[in-house]
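What follows is the content of protein-v8.txt, which has compact mmCIF, C-alpha atoms:
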```txt
# COMPACT_ATOMS: atom_id res chain seq x y z
CA MET A 520 -20.84 25.05 -13.27
CA THR A 521 -22.93 26.74 -10.61
CA LEU A 522 -22.81 26.50 -6.82
CA LYS A 523 -26.15 24.66 -6.91
CA GLU A 524 -24.77 22.07 -9.36
CA MET A 525 -21.81 21.51 -7.04
CA GLU A 526 -24.22 20.88 -4.19
CA TYR A 527 -26.16 18.37 -6.31
CA LEU A 528 -22.94 16.47 -7.06
CA LEU A 529 -21.66 16.44 -3.49
CA VAL A 530 -24.96 15.31 -1.96
CA THR A 531 -25.33 12.60 -4.62
CA ALA A 532 -21.82 11.37 -3.80
CA GLN A 533 -22.70 11.36 -0.11
CA THR A 534 -25.93 9.41 -0.52
CA HIS A 535 -24.84 7.27 -3.51
CA SER A 536 -28.32 7.92 -4.92
CA ILE A 537 -29.70 10.63 -7.19
CA THR A 538 -33.20 9.88 -5.89
CA GLU A 539 -32.17 10.30 -2.25
CA ALA A 540 -30.14 13.44 -3.03
CA ALA A 541 -33.13 14.97 -4.81
CA LYS A 542 -35.32 14.26 -1.76
CA ARG A 543 -32.84 15.85 0.64
CA LEU A 544 -32.52 18.97 -1.48
CA TYR A 545 -36.24 19.17 -2.36
CA VAL A 546 -35.49 19.04 -6.08
CA ALA A 547 -37.31 17.09 -8.79
CA GLN A 548 -35.25 14.05 -9.73
CA PRO A 549 -35.34 14.74 -13.50
CA SER A 550 -33.99 18.24 -12.86
CA MET A 551 -31.13 16.89 -10.76
CA THR A 552 -30.32 14.16 -13.29
CA HIS A 553 -30.23 16.75 -16.06
CA ALA A 554 -27.94 19.03 -14.02
CA ILE A 555 -25.49 16.19 -13.28
CA GLN A 556 -25.44 15.10 -16.94
CA SER A 557 -24.85 18.71 -17.96
CA VAL A 558 -21.76 18.93 -15.71
CA GLU A 559 -20.45 15.56 -16.95
CA LYS A 560 -20.84 16.76 -20.54
CA GLU A 561 -19.04 20.00 -19.66
CA ILE A 562 -16.00 18.29 -18.08
CA GLY A 563 -15.84 15.43 -20.58
CA PHE A 564 -16.04 12.36 -18.33
CA PRO A 565 -18.61 10.57 -16.14
CA ILE A 566 -18.65 11.37 -12.43
CA PHE A 567 -21.08 8.59 -11.56
CA VAL A 568 -21.91 5.18 -12.98
CA ARG A 569 -25.65 4.52 -12.66
CA SER A 570 -27.03 1.18 -11.47
CA ARG A 571 -30.33 -0.21 -10.18
CA THR A 572 -29.23 0.32 -6.58
CA GLY A 573 -27.86 3.83 -6.97
CA VAL A 574 -24.65 5.38 -8.26
CA VAL A 575 -20.94 4.55 -7.98
CA ILE A 576 -18.31 7.26 -8.13
CA THR A 577 -15.74 6.81 -10.92
CA PRO A 578 -12.00 7.28 -10.19
CA GLN A 579 -11.97 10.54 -12.19
CA GLY A 580 -15.18 11.55 -10.51
CA GLN A 581 -13.66 11.01 -7.05
CA GLU A 582 -10.76 13.33 -7.86
CA PHE A 583 -13.12 15.90 -9.35
CA LEU A 584 -15.39 15.85 -6.28
CA GLU A 585 -12.43 16.33 -3.96
CA ASP A 586 -11.37 19.37 -5.98
CA ILE A 587 -14.78 21.03 -6.02
CA ARG A 588 -15.52 20.36 -2.33
CA THR A 589 -13.11 23.07 -1.15
CA VAL A 590 -14.35 25.47 -3.85
CA TYR A 591 -17.96 24.77 -2.86
CA GLU A 592 -17.32 25.36 0.84
CA GLN A 593 -15.50 28.62 0.10
CA MET A 594 -18.18 29.85 -2.32
CA ALA A 595 -20.95 28.84 0.09
CA ALA A 596 -19.22 30.75 2.88
CA VAL A 597 -18.93 33.88 0.70
CA GLU A 598 -22.57 33.60 -0.39
CA HIS A 599 -23.69 33.15 3.20
CA LYS A 600 -21.69 36.13 4.39
CA TYR A 601 -22.25 38.66 1.62
CA ILE A 602 -25.20 37.64 -0.55
CA GLU A 603 -27.50 36.37 2.19
CA LYS A 604 -26.30 39.27 4.35
CA SER A 605 -26.10 37.11 7.43
CA ALA A 606 -24.00 37.82 10.47
CA ASP A 607 -20.27 37.27 10.16
CA ARG A 608 -19.60 33.68 11.17
CA LYS A 609 -16.19 32.55 12.38
CA MET A 610 -14.85 29.33 10.84
CA PHE A 611 -12.09 27.01 11.98
CA SER A 612 -11.12 23.41 11.26
CA VAL A 613 -8.36 21.27 12.76
CA SER A 614 -7.35 17.74 11.80
CA LEU A 615 -5.53 15.48 14.23
CA GLN A 616 -4.56 11.94 15.02
CA HIS A 617 -6.02 10.20 18.07
CA PHE A 618 -4.43 12.58 20.57
CA PRO A 619 -6.36 13.24 23.81
CA LEU A 620 -4.54 16.47 24.71
CA ALA A 621 -5.48 18.03 21.38
CA THR A 622 -9.12 17.07 21.97
CA GLU A 623 -9.06 18.49 25.51
CA ALA A 624 -7.66 21.74 24.10
CA PHE A 625 -10.49 21.82 21.56
CA VAL A 626 -13.06 21.51 24.36
CA SER A 627 -11.46 24.48 26.11
CA PHE A 628 -11.44 26.32 22.78
CA LEU A 629 -15.18 25.75 22.35
CA HIS A 630 -15.88 27.10 25.83
CA SER A 631 -13.98 30.26 24.93
CA GLU A 632 -16.15 30.73 21.82
CA MET A 633 -19.57 30.07 23.35
CA GLY A 634 -20.31 33.76 23.71
CA THR A 635 -19.74 34.64 20.05
CA SER A 636 -22.68 35.32 17.74
CA GLY A 637 -21.88 32.59 15.23
CA TYR A 638 -19.17 30.10 14.32
CA HIS A 639 -18.56 26.84 12.48
CA THR A 640 -15.75 24.68 13.84
CA LYS A 641 -14.62 21.21 12.81
CA ILE A 642 -12.35 18.69 14.55
CA LEU A 643 -11.44 15.87 12.18
CA GLU A 644 -9.82 12.85 13.81
CA GLY A 645 -8.12 10.34 11.52
CA ARG A 646 -5.02 8.63 10.21
CA THR A 647 -1.64 10.32 9.93
CA ARG A 648 -1.82 10.74 6.16
CA GLU A 649 -5.44 11.93 6.38
CA VAL A 650 -4.31 14.78 8.64
CA ILE A 651 -1.71 15.79 6.06
CA GLN A 652 -4.19 15.48 3.17
CA ASN A 653 -6.88 17.49 4.98
CA VAL A 654 -4.54 20.43 5.48
CA ALA A 655 -3.10 20.18 1.95
CA SER A 656 -6.59 20.19 0.41
CA GLY A 657 -7.78 23.11 2.54
CA ARG A 658 -10.32 21.02 4.42
CA SER A 659 -8.54 21.98 7.66
CA GLU A 660 -6.56 25.12 8.39
CA ILE A 661 -4.10 23.30 10.64
CA GLY A 662 -3.22 19.72 11.57
CA ILE A 663 -1.79 18.27 14.77
CA LEU A 664 0.76 15.44 14.39
CA HIS A 665 2.90 13.35 16.71
CA PHE A 666 5.52 10.78 15.69
CA LEU A 667 8.61 9.01 17.02
CA ASP A 668 12.04 10.57 16.49
CA GLN A 669 13.09 7.73 14.19
CA SER A 670 10.07 8.41 11.93
CA GLU A 671 10.76 12.14 11.64
CA ARG A 672 12.62 12.00 8.32
CA VAL A 673 9.81 10.10 6.57
CA ILE A 674 7.00 12.21 8.04
CA LEU A 675 8.68 15.54 7.28
CA LYS A 676 9.34 14.40 3.70
CA GLU A 677 5.61 13.75 3.21
CA ILE A 678 4.75 17.10 4.77
CA ARG A 679 7.11 18.98 2.45
CA LYS A 680 5.84 17.01 -0.56
CA ALA A 681 2.32 18.21 0.26
CA LYS A 682 3.65 21.82 0.33
CA LEU A 683 3.06 22.19 4.04
CA GLU A 684 5.11 23.61 6.90
CA PHE A 685 5.76 21.81 10.21
CA TYR A 686 6.16 23.67 13.51
CA SER A 687 7.44 21.71 16.49
CA ILE A 688 5.75 22.17 19.89
CA LYS A 689 7.47 19.69 22.19
CA ARG A 690 9.08 16.27 22.48
CA LEU A 691 6.93 14.02 24.68
CA ARG A 692 7.57 10.76 26.45
CA PRO A 693 5.53 7.76 25.26
CA TYR A 694 3.30 6.06 27.83
CA LEU A 695 1.99 2.56 28.24
CA ILE A 696 -1.81 2.86 28.63
CA PHE A 697 -4.17 0.19 30.00
CA GLY A 698 -7.29 -0.14 32.15
CA LYS A 699 -7.38 -0.09 35.95
CA ARG A 700 -8.44 -3.75 35.95
CA HIS A 701 -5.37 -4.80 33.98
CA PRO A 702 -3.06 -7.35 35.68
CA LEU A 703 -0.16 -4.88 35.32
CA HIS A 704 -1.97 -2.16 37.26
CA GLY A 705 0.07 -1.05 40.25
CA LYS A 706 3.49 -1.58 38.68
CA ASP A 707 5.85 1.37 38.29
CA THR A 708 7.71 -0.27 35.43
CA VAL A 709 6.86 -3.08 33.02
CA SER A 710 9.36 -5.33 31.26
CA GLU A 711 9.09 -6.44 27.64
CA GLU A 712 8.60 -10.01 28.86
CA GLU A 713 5.61 -8.98 31.00
CA LEU A 714 4.14 -6.93 28.17
CA SER A 715 4.42 -9.81 25.69
CA LEU A 716 1.65 -11.65 27.54
CA TYR A 717 -0.98 -9.11 26.46
CA PRO A 718 -2.36 -7.86 23.12
CA MET A 719 -1.45 -4.42 21.81
CA LEU A 720 -4.08 -2.03 20.45
CA ARG A 721 -3.05 0.12 17.50
CA TYR A 722 -4.80 2.47 15.10
CA ASP A 723 -5.31 1.46 11.50
CA GLN A 724 -3.29 3.45 8.96
CA GLY A 725 -4.81 2.02 5.78
CA MET A 726 -3.39 -0.08 2.96
CA ASP A 727 -0.48 2.31 2.43
CA GLY A 728 0.36 2.57 6.12
CA SER A 729 3.76 1.74 7.58
CA LEU A 730 5.46 1.81 10.96
CA ASN A 731 6.74 5.30 10.12
CA VAL A 732 3.21 6.73 10.06
CA ALA A 733 1.82 4.54 12.84
CA GLU A 734 0.71 6.55 15.88
CA GLU A 735 2.35 3.94 18.11
CA GLY A 736 5.52 4.09 16.02
CA TRP A 737 7.93 1.19 15.93
CA PHE A 738 6.73 -0.15 19.29
CA SER A 739 4.06 -2.19 17.50
CA MET A 740 6.73 -4.11 15.56
CA ASP A 741 7.74 -6.08 18.68
CA ALA A 742 4.19 -7.06 19.67
CA ASP A 743 3.22 -10.65 18.85
CA ARG A 744 -0.48 -10.00 19.52
CA LYS A 745 -2.03 -6.99 17.81
CA ILE A 746 -5.56 -5.63 17.58
CA THR A 747 -6.08 -2.97 14.90
CA ILE A 748 -8.93 -0.47 15.28
CA SER A 749 -10.02 2.73 13.59
CA ASP A 750 -11.68 4.94 16.20
CA GLY A 751 -11.03 6.30 19.66
CA LEU A 752 -14.29 5.10 21.21
CA THR A 753 -13.45 1.48 20.40
CA MET A 754 -9.95 2.03 21.77
CA LEU A 755 -11.36 3.27 25.10
CA HIS A 756 -13.87 0.41 25.34
CA LEU A 757 -11.26 -2.29 24.70
CA LEU A 758 -8.80 -0.74 27.15
CA GLN A 759 -11.48 -0.67 29.83
CA LYS A 760 -12.92 -4.15 29.20
CA THR A 761 -9.91 -6.28 28.18
CA ASP A 762 -6.28 -6.93 29.10
CA ALA A 763 -5.10 -5.07 25.99
CA TYR A 764 -2.78 -2.07 26.13
CA THR A 765 -1.62 0.68 23.81
CA ILE A 766 1.26 3.11 23.43
CA SER A 767 0.29 6.76 23.52
CA THR A 768 1.40 10.20 24.55
CA GLY A 769 -0.37 13.36 25.53
CA ALA A 770 -3.01 11.71 27.71
CA PRO A 771 -3.62 14.08 30.65
CA ALA A 772 -4.18 12.67 34.13
CA SER A 773 -7.77 13.96 34.12
CA PHE A 774 -8.45 12.04 30.90
CA LEU A 775 -7.02 8.80 32.30
CA LEU A 776 -8.93 9.18 35.56
CA ARG A 777 -12.21 9.95 33.79
CA HIS A 778 -11.94 6.78 31.69
CA ASP A 779 -10.52 4.44 34.37
CA LEU A 780 -7.17 4.16 32.64
CA VAL A 781 -3.59 4.06 33.89
CA GLY A 782 -0.44 5.44 32.27
CA ILE A 783 3.13 4.22 32.89
CA PRO A 784 6.03 6.09 31.23
CA LEU A 785 8.21 3.91 29.00
CA CYS A 786 11.75 3.59 30.28
CA ASP A 787 13.61 3.61 26.96
CA GLY A 788 15.01 6.76 25.41
CA GLU A 789 12.41 7.09 22.65
CA ARG A 790 10.51 10.35 22.43
CA MET A 791 7.58 11.52 20.32
CA LYS A 792 7.69 14.86 18.59
CA LEU A 793 4.48 16.88 18.70
CA GLY A 794 3.81 19.70 16.28
CA TRP A 795 1.37 21.32 13.90
CA ILE A 796 1.20 21.85 10.15
CA LYS A 797 -0.25 24.43 7.80
CA LYS A 798 -0.06 25.33 4.13
CA ASN A 799 3.07 27.10 2.92
CA ASP A 800 2.89 30.90 2.84
CA THR A 801 -0.48 31.16 4.58
CA ILE A 802 -1.34 33.31 7.58
CA LEU A 803 -3.23 31.71 10.45
CA GLN A 804 -6.66 33.07 11.26
CA PRO A 805 -7.38 34.27 14.84
CA LEU A 806 -9.30 31.12 15.81
CA ALA A 807 -6.41 28.88 14.76
CA LYS A 808 -3.97 30.96 16.78
CA GLN A 809 -6.26 30.79 19.80
CA TYR A 810 -6.55 27.01 19.56
CA LEU A 811 -2.77 26.61 19.33
CA ARG A 812 -2.31 28.84 22.40
CA LEU A 813 -4.68 26.61 24.36
CA LEU A 814 -2.95 23.46 23.10
CA ASN A 815 0.40 24.83 24.24
CA GLN A 816 -1.10 25.52 27.67
CA PHE A 817 -2.31 21.93 27.97
CA ILE A 818 1.06 20.59 26.85
CA GLY A 819 2.80 22.77 29.44
CA GLU A 820 0.62 21.36 32.20
```

When written as structure tokens, how does the structure in this file appear?
Amino acid sequence: MTLKEMEYLLVTAQTHSITEAAKRLYVAQPSMTHAIQSVEKEIGFPIFVRSRTGVVITPQGQEFLEDIRTVYEQMAAVEHKYIEKSADRKMFSVSLQHFPLATEAFVSFLHSEMGTSGYHTKILEGRTREVIQNVASGRSEIGILHFLDQSERVILKEIRKAKLEFYSIKRLRPYLIFGKRHPLHGKDTVSEEELSLYPMLRYDQGMDGSLNVAEEGWFSMDADRKITISDGLTMLHLLQKTDAYTISTGAPASFLLRHDLVGIPLCDGERMKLGWIKKNDTILQPLAKQYLRLLNQFIGE
């Protein structure tokens, strides 16, 4: 299987259409169809099921595509660097949950790299298990995770199962976050009874999610009214425009001020552990080390 055939497969999977993939890659459709069929014959199972509306990825095909994606990216990087004789391009990818401090550190990281001749960086925001999977598969070099103390045993078990290492940065205090127009704005402390009057926003963790992998931890168990979302932009909009609240940590004052939000520290003894993960027995590249230094600076502030 060639690098070009891998590209055909990955673009077809992305577009769910051989016709559309052929257009994007400026390839004749019969040639692409023949190449895909050749690979399927070589591996012994179908990657796609054809239909009138496009293609559907088979379960075996999904696993196969995940495996070749990392190989393709690595081979493409080598070809770009050595065969095409282009300038050396720095590469770095980090996966993280919805954690404002980590995003702020990434912005600072980008500013520090603006003067370099070439780079390719990725920041992948997602669910807790997606962060672990991205690092395990090689899609990201490091991952940033935060979780409650009582979830530590479960999270660390999943990290070790994925053959990853966890490095603790700091234990942080959870905060109650809501908009400046919220009825609770102005209070120094909020009781459970007061909080029960308002809906809680939480991030979706998928069908296999549990309170142990929830970014809000076990706090969401006590909420009678819950709103589940999947992205940070929706979270910000709902916090600004409704009486909903969320539980978070690592939201710097500048971030709250910029988005018209307020943070009140929770009074109970719960703490969230913040740390980063990487593959076992791997050495961090310079860009990853630089990002972690900046993240530590933001945490210290």

So, counting all atoms listed in the file, which residue among A:Glu524, A:Asp743, A:Asp723, A:Asp707 is closest to Gly645 of chain A?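 Distance minimum relative to Gly645 of chain A lands on A:Asp723.
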
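Among the candidates A:Tyr638, A:Phe628, A:Tyr764, A:Tyr717, the residue lying nearest to Gly698 of chain A is A:Tyr764 (atoms considered: all atoms listed in the file).
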
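Shell of Lys798 of chain A at 8 Å, with only C-alpha atoms counted and residues fewer than 3 places along the chain excluded, is Val654, Ala655, Glu660, Ile661, Lys682, Leu683, Glu684 and Thr801 of chain A.
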
Extract, using all atoms listed in the file, all DNA, RNA and protein residues at most 10 Å from Leu775 of chain A, discarding same-chain residues fewer than 5 positions from it, and format them as JSON, numbers by chain. {"A": [619, 696, 697, 698, 699, 770, 780, 781, 782]}

So that I can see what lies close to segment 536-545 of chain A, please list as a PyMOL selection string the residues with an atom at most 6 Å from it, counting only C-alpha atoms and leaving out residues fewer than 2 positions away in the same chain. chain A and resi 530-531+534+548+573-574

So that I have them on file, write out the residues from the current selection with C-alpha atoms, as an mmCIF file, in the coordinates of the input.
```cif
data_model
loop_
_atom_site.group_PDB
_atom_site.id
_atom_site.type_symbol
_atom_site.label_atom_id
_atom_site.label_comp_id
_atom_site.auth_asym_id
_atom_site.auth_seq_id
_atom_site.Cartn_x
_atom_site.Cartn_y
_atom_site.Cartn_z
ATOM 1 C CA VAL A 530 -24.960 15.310 -1.960
ATOM 2 C CA THR A 531 -25.330 12.600 -4.620
ATOM 3 C CA THR A 534 -25.930 9.410 -0.520
ATOM 4 C CA GLN A 548 -35.250 14.050 -9.730
ATOM 5 C CA GLY A 573 -27.860 3.830 -6.970
ATOM 6 C CA VAL A 574 -24.650 5.380 -8.260
#
```

Counting all atoms listed in the file, find the residues whose atoms lie at most 8 Å from (-25.7, 8.8, -14.7) (file coordinates) and write them out as a VMD selection string. chain A and resid 552 555 to 556 565 to 569 574

To one decimal place in Å, what is the distance between atom CA of Ala596 of chain A and atom CA of Met520 of chain A?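 Between these atoms lies a distance of 17.2 Å.
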
How many Å lie between atom CA of Thr577 of chain A and atom CA of Val558 of chain A, rounded to one decimal?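 Distance reported for this atom pair: 14.4 Å.
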
Would you compute the distance between atom CA of Glu712 of chain A and atom CA of His665 of chain A? Give it in Å to one decimal.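 It comes out at 26.9 Å.
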
Pick from A:Thr761, A:Gln724, A:Ser767, A:Ser612 nearest to Asn653 of chain A, counting only C-alpha atoms: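 Nearest to Asn653 of chain A: A:Ser612.
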
Axis-aligned box over every listed atom of segment 534-543 of chain A, padded by 4 Å per side: centre and edges in Å to one decimal, as JSON?
```
{"center_x": -30.1, "center_y": 11.6, "center_z": -3.3, "size_x": 18.5, "size_y": 16.6, "size_z": 15.8}
```

Can you work out which one of A:Lys641, A:Lys689, A:Arg700, A:Arg812 has the shortest atom-to-atom distance to Met791 of chain A, counting all atoms listed in the file?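 With all atoms listed in the file as the atom set, the closest residue is A:Lys689.
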
If we count all atoms listed in the file and set the cut-off at 6 Å, which residues sit around Val613 of chain A, ignoring sequence neighbours fewer than 5 positions away in its own chain? Please answer as a PyMOL selection string. chain A and resi 642+659+661-662

Go ahead and write the residues just picked, C-alpha atoms, as a short mmCIF file (atom, residue, chain, number, x, y, z; two decimals), in the coordinates of the input.
```
data_model
loop_
_atom_site.label_atom_id
_atom_site.label_comp_id
_atom_site.auth_asym_id
_atom_site.auth_seq_id
_atom_site.Cartn_x
_atom_site.Cartn_y
_atom_site.Cartn_z
CA ILE A 642 -12.35 18.69 14.55
CA SER A 659 -8.54 21.98 7.66
CA ILE A 661 -4.10 23.30 10.64
CA GLY A 662 -3.22 19.72 11.57
#
```

Which one is closest to Glu644 of chain A: A:Ser627, A:Ser614, A:Asn815, A:Ser670? Count all atoms listed in the file.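 Nearest candidate to Glu644 of chain A out of A:Ser627, A:Ser614, A:Asn815, A:Ser670: A:Ser614.
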